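Asker: Here you go, input-v2.txt (compact mmCIF, C-alpha atoms):
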# COMPACT_ATOMS: atom_id res chain seq x y z
CA MET A 1 22.14 -18.56 -4.70
CA LYS A 2 22.01 -17.25 -1.18
CA ILE A 3 19.27 -15.48 0.64
CA PRO A 4 20.10 -14.11 4.07
CA VAL A 5 18.49 -16.22 6.74
CA ALA A 6 17.10 -13.14 8.40
CA ALA A 7 15.44 -12.09 5.20
CA VAL A 8 13.86 -15.47 4.69
CA LEU A 9 12.58 -15.50 8.22
CA ALA A 10 11.21 -12.03 7.76
CA ILE A 11 9.25 -13.20 4.76
CA LEU A 12 8.04 -16.33 6.46
CA ALA A 13 6.84 -14.21 9.32
CA GLY A 14 5.10 -11.87 6.97
CA SER A 15 1.84 -10.14 7.53
CA PRO A 16 -1.46 -11.94 7.81
CA VAL A 17 -3.32 -13.07 4.78
CA VAL A 18 -5.22 -10.20 3.35
CA ALA A 19 -5.96 -9.56 -0.24
CA HIS A 20 -3.50 -8.26 -2.75
CA HIS A 21 -4.57 -5.09 -4.49
CA SER A 22 -5.81 -7.30 -7.28
CA PHE A 23 -5.66 -10.84 -5.93
CA SER A 24 -9.32 -11.71 -5.96
CA THR A 25 -9.88 -10.17 -9.37
CA GLU A 26 -7.01 -12.14 -10.87
CA TYR A 27 -6.68 -15.38 -8.92
CA ASP A 28 -9.01 -17.95 -7.41
CA LYS A 29 -8.24 -18.80 -3.80
CA THR A 30 -10.32 -21.97 -4.14
CA LYS A 31 -7.99 -23.33 -6.82
CA PRO A 32 -4.56 -24.01 -5.33
CA VAL A 33 -1.82 -25.24 -7.60
CA SER A 34 1.48 -26.93 -6.81
CA VAL A 35 4.09 -27.63 -9.47
CA THR A 36 7.76 -28.54 -9.58
CA GLY A 37 9.96 -27.55 -12.47
CA VAL A 38 12.88 -25.57 -13.79
CA VAL A 39 12.98 -21.77 -13.69
CA ARG A 40 13.01 -20.50 -17.26
CA LYS A 41 12.78 -16.75 -16.78
CA VAL A 42 12.52 -14.15 -14.00
CA GLU A 43 10.99 -10.73 -14.63
CA TRP A 44 11.99 -8.34 -11.83
CA ARG A 45 9.41 -5.73 -12.75
CA ASN A 46 6.50 -3.77 -11.32
CA PRO A 47 3.88 -4.02 -10.16
CA HIS A 48 4.89 -7.61 -9.21
CA ILE A 49 7.73 -9.88 -10.18
CA TRP A 50 6.86 -12.74 -12.49
CA PHE A 51 8.78 -15.95 -12.87
CA TYR A 52 8.24 -18.78 -15.30
CA VAL A 53 8.74 -22.45 -14.58
CA ASP A 54 8.91 -25.26 -17.13
CA VAL A 55 6.88 -28.18 -15.76
CA LYS A 56 7.00 -31.59 -17.44
CA ASP A 57 3.99 -33.87 -17.08
CA SER A 58 3.93 -37.67 -17.03
CA ARG A 59 3.86 -37.81 -20.83
CA GLY A 60 6.85 -35.55 -21.17
CA GLN A 61 4.78 -32.56 -22.24
CA VAL A 62 6.25 -29.29 -20.96
CA THR A 63 4.04 -26.43 -19.82
CA THR A 64 5.53 -23.07 -18.91
CA TRP A 65 3.73 -21.79 -15.84
CA GLY A 66 3.82 -18.12 -14.95
CA PHE A 67 3.78 -17.04 -11.30
CA SER A 68 3.22 -13.58 -9.90
CA GLY A 69 5.21 -12.66 -6.81
CA ALA A 70 5.74 -9.61 -4.62
CA PRO A 71 6.64 -6.16 -5.92
CA PRO A 72 10.41 -5.81 -6.40
CA SER A 73 10.56 -3.14 -3.69
CA PHE A 74 9.02 -5.46 -1.08
CA LEU A 75 11.65 -8.11 -1.77
CA MET A 76 14.58 -5.71 -1.96
CA ARG A 77 13.66 -4.07 1.33
CA GLN A 78 13.67 -7.48 2.96
CA GLY A 79 17.13 -8.20 1.61
CA ILE A 80 16.01 -10.37 -1.29
CA GLN A 81 17.88 -9.43 -4.46
CA ARG A 82 16.94 -10.13 -8.04
CA ASP A 83 19.44 -12.98 -8.30
CA ALA A 84 17.76 -14.91 -5.47
CA MET A 85 16.09 -17.06 -8.12
CA LYS A 86 18.08 -17.99 -11.19
CA VAL A 87 17.26 -19.51 -14.54
CA GLY A 88 17.86 -23.24 -14.21
CA ASP A 89 16.94 -23.49 -10.53
CA VAL A 90 14.65 -26.38 -9.68
CA VAL A 91 11.77 -25.11 -7.61
CA LYS A 92 8.46 -26.24 -6.22
CA VAL A 93 5.87 -23.49 -6.36
CA ASP A 94 2.60 -23.38 -4.46
CA GLY A 95 0.03 -20.78 -5.37
CA PHE A 96 -3.46 -20.10 -6.65
CA ARG A 97 -4.56 -20.33 -10.27
CA ALA A 98 -5.55 -17.43 -12.47
CA ARG A 99 -9.27 -17.04 -12.95
CA ASP A 100 -9.03 -17.49 -16.71
CA GLY A 101 -7.73 -21.05 -16.35
CA SER A 102 -4.45 -20.29 -18.10
CA PRO A 103 -1.18 -21.70 -16.75
CA ASN A 104 -0.64 -18.62 -14.60
CA ALA A 105 -0.94 -18.27 -10.87
CA SER A 106 -0.14 -16.30 -7.78
CA GLY A 107 3.17 -17.74 -6.62
CA GLY A 108 2.58 -17.93 -2.92
CA ARG A 109 5.57 -20.02 -1.92
CA VAL A 110 8.76 -21.17 -3.59
CA THR A 111 10.74 -24.12 -2.26
CA PHE A 112 14.23 -24.59 -3.61
CA ALA A 113 15.91 -27.94 -4.20
CA ASP A 114 17.92 -27.54 -0.99
CA GLY A 115 14.71 -27.23 1.00
CA ARG A 116 14.70 -23.52 1.63
CA SER A 117 11.16 -22.25 1.48
CA VAL A 118 10.53 -18.67 0.53
CA PHE A 119 7.33 -16.81 0.06
CA THR A 120 7.46 -14.66 -3.00
CA ALA A 121 3.89 -13.49 -2.84
CA SER A 122 3.08 -10.01 -1.78
CA PRO A 123 2.08 -9.60 1.87
CA GLU A 124 -1.24 -8.63 0.37
CA ASP A 125 -1.56 -11.95 -1.43
CA GLN A 126 -3.36 -15.08 -0.45
CA ARG A 127 -0.74 -17.55 0.64
CA PRO A 128 -0.89 -21.31 0.54
CA ASP A 129 -1.25 -23.08 3.85
CA MET B 1 -15.42 18.75 -15.13
CA SER B 2 -17.71 20.34 -12.67
CA LYS B 3 -16.29 21.86 -9.58
CA LEU B 4 -17.44 21.35 -6.11
CA LEU B 5 -17.72 24.37 -3.95
CA LEU B 6 -16.51 23.31 -0.60
CA VAL B 7 -17.37 25.09 2.53
CA ALA B 8 -14.19 26.42 4.00
CA VAL B 9 -13.09 24.45 6.99
CA THR B 10 -12.52 26.69 9.90
CA ALA B 11 -10.06 26.51 12.66
CA ALA B 12 -12.62 26.22 15.35
CA SER B 13 -14.31 23.19 13.89
CA LEU B 14 -11.00 21.41 13.53
CA ALA B 15 -9.64 22.20 16.90
CA ALA B 16 -12.59 20.66 18.63
CA CYS B 17 -12.26 17.28 16.94
CA THR B 18 -8.56 16.81 16.33
CA ALA B 19 -6.76 18.34 19.25
CA ALA B 20 -4.37 15.85 20.74
CA PRO B 21 -4.07 15.27 24.46
CA ALA B 22 -1.62 17.45 26.29
CA ALA B 23 1.67 17.04 24.44
CA PRO B 24 4.24 14.93 26.26
CA GLN B 25 7.73 16.23 26.80
CA GLN B 26 9.41 16.30 23.41
CA ALA B 27 11.94 13.53 22.98
CA PRO B 28 15.52 14.78 22.87
CA GLY B 29 17.72 14.26 19.86
CA ILE B 30 15.10 14.77 17.20
CA PRO B 31 16.15 16.34 13.88
CA ARG B 32 15.47 20.05 13.75
CA ALA B 33 15.46 22.45 10.84
CA ALA B 34 17.21 25.82 10.82
CA ASP B 35 13.96 27.46 11.92
CA GLY B 36 13.93 25.29 15.03
CA LYS B 37 10.99 23.16 13.95
CA PRO B 38 11.22 19.36 13.96
CA ASP B 39 12.56 18.35 10.57
CA PHE B 40 10.70 15.52 8.85
CA THR B 41 12.94 15.66 5.80
CA GLY B 42 14.11 12.18 4.89
CA MET B 43 13.17 8.71 3.77
CA TRP B 44 10.40 7.06 5.75
CA ALA B 45 8.79 3.69 6.15
CA GLY B 46 5.24 4.80 6.75
CA PRO B 47 2.54 2.92 8.65
CA GLY B 48 2.68 0.23 5.96
CA PHE B 49 5.81 -1.36 7.38
CA ALA B 50 6.70 -3.46 10.43
CA HIS B 51 9.35 -0.94 11.57
CA THR B 52 12.24 -3.22 12.38
CA GLY B 53 14.68 -0.50 13.31
CA LYS B 54 17.01 -1.87 10.64
CA ASP B 55 17.67 -1.02 7.03
CA THR B 56 15.56 -3.99 5.98
CA ASP B 57 11.88 -3.93 6.77
CA ALA B 58 8.74 -5.86 5.97
CA ALA B 59 5.94 -4.28 3.99
CA THR B 60 2.75 -4.69 5.99
CA VAL B 61 -0.70 -3.91 4.72
CA ARG B 62 -2.48 -1.99 7.44
CA ARG B 63 -6.14 -1.09 7.44
CA TYR B 64 -8.16 1.15 9.66
CA THR B 65 -9.28 -0.59 12.82
CA GLU B 66 -12.98 -1.11 13.20
CA ALA B 67 -12.69 -0.94 16.97
CA ASN B 68 -11.38 2.61 16.66
CA MET B 69 -14.25 3.80 14.51
CA SER B 70 -16.99 6.03 15.79
CA ALA B 71 -20.59 4.90 15.78
CA PHE B 72 -22.17 4.97 12.33
CA THR B 73 -24.75 7.41 11.12
CA PRO B 74 -28.06 5.71 10.21
CA ALA B 75 -26.88 5.10 6.64
CA GLY B 76 -23.19 5.06 7.49
CA LYS B 77 -22.41 1.38 7.63
CA GLU B 78 -24.01 0.75 4.26
CA LYS B 79 -21.97 3.56 2.74
CA LEU B 80 -18.73 2.36 4.28
CA TYR B 81 -19.03 -1.32 3.36
CA ARG B 82 -19.75 -1.98 -0.31
CA LYS B 83 -20.61 -5.58 -1.00
CA TYR B 84 -18.78 -7.45 -3.70
CA ALA B 85 -20.27 -6.27 -6.98
CA GLY B 86 -18.27 -8.18 -9.57
CA ASN B 87 -17.14 -4.79 -10.85
CA VAL B 88 -13.48 -4.03 -10.35
CA ARG B 89 -14.17 -0.31 -10.27
CA ILE B 90 -16.17 -0.88 -7.12
CA ASP B 91 -14.53 -3.97 -5.65
CA ASP B 92 -10.97 -2.70 -5.98
CA PRO B 93 -10.15 0.06 -8.46
CA THR B 94 -6.45 -0.25 -7.67
CA ALA B 95 -6.56 -3.60 -9.47
CA ILE B 96 -6.79 -1.63 -12.71
CA CYS B 97 -4.14 0.83 -11.54
CA LEU B 98 -6.45 3.58 -10.35
CA PRO B 99 -5.12 5.49 -7.33
CA ASN B 100 -5.25 4.57 -3.69
CA GLY B 101 -6.59 7.94 -2.65
CA LEU B 102 -5.27 9.66 0.46
CA THR B 103 -6.70 7.48 3.20
CA ARG B 104 -5.34 4.32 1.61
CA GLN B 105 -2.10 5.97 0.53
CA ILE B 106 -1.16 6.90 4.10
CA PRO B 107 -0.61 3.23 5.13
CA SER B 108 0.70 2.21 1.69
CA PRO B 109 3.44 -0.44 2.09
CA TYR B 110 5.91 1.47 -0.06
CA ALA B 111 8.60 4.02 0.81
CA GLN B 112 7.95 7.73 1.00
CA GLN B 113 10.30 10.71 0.97
CA TRP B 114 9.51 13.92 2.83
CA ILE B 115 11.08 17.27 2.00
CA GLN B 116 10.40 20.09 4.45
CA THR B 117 11.06 23.79 4.05
CA PRO B 118 9.85 26.61 6.33
CA THR B 119 6.94 27.25 3.98
CA GLN B 120 6.00 23.90 2.50
CA LEU B 121 6.17 20.17 2.88
CA VAL B 122 6.57 17.84 -0.09
CA ILE B 123 5.76 14.14 0.26
CA LEU B 124 6.83 11.79 -2.51
CA TYR B 125 5.10 8.43 -2.43
CA GLU B 126 6.75 5.55 -4.23
CA TYR B 127 3.44 3.82 -4.94
CA MET B 128 2.17 5.10 -8.27
CA HIS B 129 4.51 8.12 -7.90
CA PHE B 130 1.92 10.22 -6.12
CA PHE B 131 3.08 13.41 -4.45
CA ARG B 132 1.71 16.07 -2.16
CA VAL B 133 2.86 19.69 -2.02
CA ILE B 134 1.53 21.04 1.25
CA PRO B 135 1.82 24.70 2.25
CA LEU B 136 2.87 25.33 5.85
CA GLY B 137 1.27 28.33 7.47
CA ALA B 138 -0.91 29.70 10.21
CA PRO B 139 -2.58 27.15 12.49
CA ASN B 140 -6.21 26.33 11.83
CA ARG B 141 -6.49 28.59 8.82
CA ALA B 142 -9.20 27.93 6.28
CA HIS B 143 -8.83 25.97 3.07
CA ALA B 144 -9.51 27.68 -0.20
CA GLY B 145 -13.21 28.09 -0.85
CA ASP B 146 -13.31 26.46 -4.27
CA ILE B 147 -11.50 23.16 -4.44
CA GLU B 148 -11.53 20.62 -7.22
CA PRO B 149 -12.17 17.26 -5.56
CA THR B 150 -9.29 14.87 -6.14
CA TYR B 151 -7.92 11.53 -4.98
CA MET B 152 -5.39 13.19 -2.67
CA GLY B 153 -7.45 16.25 -1.73
CA ASP B 154 -6.36 19.73 -0.71
CA SER B 155 -3.85 19.62 2.13
CA ILE B 156 -2.58 22.46 4.29
CA ALA B 157 -0.27 22.19 7.28
CA TRP B 158 0.82 24.00 10.39
CA TRP B 159 2.74 23.47 13.59
CA ASP B 160 1.11 22.78 16.93
CA ASP B 161 4.13 23.10 19.21
CA ASP B 162 6.37 20.29 17.89
CA THR B 163 3.51 18.43 16.26
CA LEU B 164 3.08 18.71 12.51
CA VAL B 165 -0.59 18.93 11.58
CA ILE B 166 -1.76 18.23 8.01
CA ASP B 167 -5.38 18.99 7.27
CA THR B 168 -7.05 17.67 4.11
CA VAL B 169 -10.45 18.20 2.51
CA GLY B 170 -11.62 18.09 -1.10
CA LEU B 171 -11.39 14.31 -1.46
CA ASN B 172 -13.26 12.23 -4.00
CA GLU B 173 -15.68 9.62 -2.77
CA TRP B 174 -13.19 6.78 -2.85
CA LEU B 175 -11.60 3.80 -1.13
CA LEU B 176 -10.99 4.10 2.59
CA ASP B 177 -8.34 1.42 2.72
CA ALA B 178 -7.22 -2.00 1.46
CA TYR B 179 -10.25 -3.78 2.84
CA HIS B 180 -11.02 -6.20 0.09
CA PRO B 181 -13.76 -8.28 -1.51
CA ASP B 182 -12.15 -11.36 0.03
CA ASP B 183 -13.21 -9.79 3.31
CA GLY B 184 -16.75 -9.60 1.96
CA SER B 185 -16.73 -6.03 0.74
CA SER B 186 -14.62 -2.99 0.06
CA ARG B 187 -14.65 0.11 2.28
CA TRP B 188 -15.29 3.59 0.99
CA HIS B 189 -15.50 7.10 2.38
CA SER B 190 -17.66 9.94 1.10
CA ASP B 191 -16.62 13.21 -0.50
CA LYS B 192 -17.24 14.87 2.85
CA MET B 193 -14.23 13.12 4.32
CA HIS B 194 -11.94 15.41 6.30
CA VAL B 195 -8.55 13.99 7.29
CA VAL B 196 -6.20 15.39 9.90
CA GLU B 197 -2.73 13.86 10.19
CA ARG B 198 -0.73 14.64 13.32
CA LEU B 199 2.95 13.72 13.34
CA ARG B 200 5.32 13.95 16.24
CA TYR B 201 8.80 12.55 16.76
CA THR B 202 8.92 9.99 19.55
CA ASP B 203 12.69 9.66 19.26
CA GLY B 204 15.33 10.57 16.69
CA LYS B 205 14.12 8.04 14.12
CA ASN B 206 10.48 7.35 14.90
CA ALA B 207 7.35 9.44 14.75
CA SER B 208 3.82 8.85 15.90
CA TYR B 209 1.33 9.24 13.07
CA ASP B 210 -2.23 9.84 14.24
CA VAL B 211 -4.88 10.05 11.56
CA THR B 212 -8.23 11.59 12.46
CA LEU B 213 -11.05 10.70 10.09
CA ASP B 214 -14.13 12.88 10.05
CA ASP B 215 -16.75 11.75 7.57
CA PRO B 216 -20.16 13.02 8.70
CA GLU B 217 -21.97 10.96 6.07
CA ILE B 218 -20.67 7.75 7.63
CA PHE B 219 -19.56 8.39 11.20
CA GLU B 220 -21.31 10.21 13.99
CA LYS B 221 -18.09 11.86 15.09
CA PRO B 222 -14.39 11.99 14.23
CA TRP B 223 -12.19 9.10 15.31
CA VAL B 224 -8.46 8.46 15.38
CA GLU B 225 -6.19 5.72 14.07
CA HIS B 226 -2.83 5.65 15.85
CA TRP B 227 0.01 4.69 13.56
CA ALA B 228 3.73 5.39 13.30
CA MET B 229 6.51 5.83 10.78
CA GLN B 230 10.21 5.16 10.94
CA MET B 231 13.11 6.90 9.23
CA LYS B 232 15.13 4.78 6.79
CA PRO B 233 18.21 6.81 5.77
CA GLY B 234 19.50 4.01 3.54
CA TRP B 235 16.42 3.82 1.37
CA LYS B 236 15.56 5.65 -1.80
CA ILE B 237 12.38 5.96 -3.80
CA LEU B 238 12.18 3.25 -6.44
CA GLU B 239 10.36 3.46 -9.71
CA PHE B 240 6.86 1.99 -9.64
CA ILE B 241 4.91 1.65 -12.85
CA CYS B 242 1.59 -0.05 -12.18
CA ASP B 243 0.93 -0.80 -15.85
CA ASP B 244 4.37 -2.15 -16.58
CA ASN B 245 3.87 -5.90 -16.21
CA ASP B 246 0.34 -6.31 -14.88
CA ARG B 247 -0.16 -9.53 -16.79
CA CYS B 248 -3.42 -10.91 -15.36
CA ARG B 249 -5.45 -7.76 -15.08
CA GLY B 250 -9.06 -8.47 -14.32
CA GLY B 251 -8.36 -12.19 -14.36
CA ASN B 252 -7.48 -12.29 -18.04
CA CYS B 253 -3.84 -13.20 -18.40
CA THR B 254 -1.64 -12.36 -21.34
CA ALA B 255 0.82 -15.06 -22.28
CA ALA B 256 4.44 -14.10 -21.77
CA ASP B 257 6.88 -14.65 -24.59
CA VAL B 258 8.19 -17.82 -22.98
CA GLN B 259 4.65 -19.20 -22.81
CA LYS B 260 3.97 -18.85 -26.52
CA PRO B 261 4.72 -21.67 -28.95
CA GLY B 262 8.37 -21.36 -29.88
CA GLY B 263 8.70 -18.60 -27.31
CA GLY B 264 12.13 -17.26 -26.49
CA SER B 265 13.95 -17.28 -23.21
Would you mind writing the file out in structure tokens?
Answerer:
Amino acid sequence: MKIPVAAVLAILAGSPVVAHHSFSTEYDKTKPVSVTGVVRKVEWRNPHIWFYVDVKDSRGQVTTWGFSGAPPSFLMRQGIQRDAMKVGDVVKVDGFRARDGSPNASGGRVTFADGRSVFTASPEDQRPD
Amino acid sequence: MSKLLLVAVTAASLAACTAAPAAPQQAPGIPRAADGKPDFTGMWAGPGFAHTGKDTDAATVRRYTEANMSAFTPAGKEKLYRKYAGNVRIDDPTAICLPNGLTRQIPSPYAQQWIQTPTQLVILYEYMHFFRVIPLGAPNRAHAGDIEPTYMGDSIAWWDDDTLVIDTVGLNEWLLDAYHPDDGSSRWHSDKMHVVERLRYTDGKNASYDVTLDDPEIFEKPWVEHWAMQMKPGWKILEFICDDNDRCRGGNCTAADVQKPGGGS
């Protein structure tokens, strides 16, 4: 899995935090979430990509978290292709929880096992500090 | 649906508020059509991008700048800024896939394709697949007298030397831009909004994009936002279906198949 350095930097240097077209109606910026797990599925679809991460708790219980990322076009135009994140990748995801309390969130930042840190949230999204 | 009879906008009223300063010397090397006019045909990264000069670019949500705005009418500020209402149709209708409307579509951070002929200009917006078919004709001519108000309005265009002028009226009362409840409110314009876009090549791949906003219910006089767009020959319009996988609409998420008990991969 390789993401061009320039593309990653472009994302890291993305636009200031302003609201996604639906961020505040869907997610709660006062409820950050950070999980580490294994990517189970990636949906490269509009209006935003979704990816799902199996997260095991201390008792061995697995919860599949869903994270909303940027629109596919935003990522593609920054050089990020749909295979940038693969099923089986171990990732740490920082984001903000859905308002309904379900295991879904805005996926503000993805950190891969090799330490690369990539924002997948839309430039319109709230991003974790 | 009832129709709104709009007073035809005359050339004189436009010229007074939208005329640009004396045009600078036209940059050499700009694309020109067979009729000699600057040719805006092509793929563009509109104001909603960083404009890197490369094939890759960063989507950038731009909003109208408060410092550029005219003074408000007595009731103007209250009409422009709508406090958070807990109603998505007021706070951000795009969250339920309703349209941007013209003033928010102009800086939309998605690609757009322009197709220019001697008699009309077609703009294809990737976001929500909106399009505009804009007749090119005599400068400062009047709009039709009876216009159905819409999200994108009634646009007509003409040439002012090498500057393309697009004049729009007949807009719904709708969102001004992507100002958001997280900022404390949303921003709206009235159905009296009159938009004049002025586009001019600054070199072979870049164009200045000045947007004059004239909303007499909100602002005391017209004011201008200065933006730009950049040609991206390697891009193409991608499909964008807002309803396709909008899984947490209104804050109520639908479990994906992999999140259901015994869910598949």
Asker: Excluding Ile90 of chain B and its own-chain neighbours fewer than 4 positions away, which residues fall within 12 Å of it when counting all atoms listed in the file? Please give them as an NGL selection string.
Answerer: (:A and (25)) or (:B and (81-86 or 94-96 or 98 or 173-175 or 179-181 or 185-188))
Asker: Taking all atoms listed in the file into account, which of B:Asn68, B:Gln230, B:Thr56, B:Thr150 comes nearest chain A?
Answerer: B:Thr56
Asker: For the atom pair atom CA of Ala34 of chain B and atom CA of Glu197 of chain B, what is the interatomic distance in Å to one decimal place?
Answerer: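 Rounded to one decimal, the two atoms are 23.3 Å apart.
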Asker: Counting only C-alpha atoms, which of B:Val211, B:Leu199, B:Ala157, B:Ala178 gets nearest to chain A?
Answerer: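 Going through B:Val211, B:Leu199, B:Ala157, B:Ala178 one by one, the smallest distance to chain A is for B:Ala178.
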Asker: Choose the residue, out of B:Asp161, B:Glu225, B:Asp55, B:Glu217, that has the smallest atom-to-atom separation from chain A; count all atoms listed in the file.
Answerer: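 Using all atoms listed in the file, the shortest distance to chain A belongs to B:Asp55.
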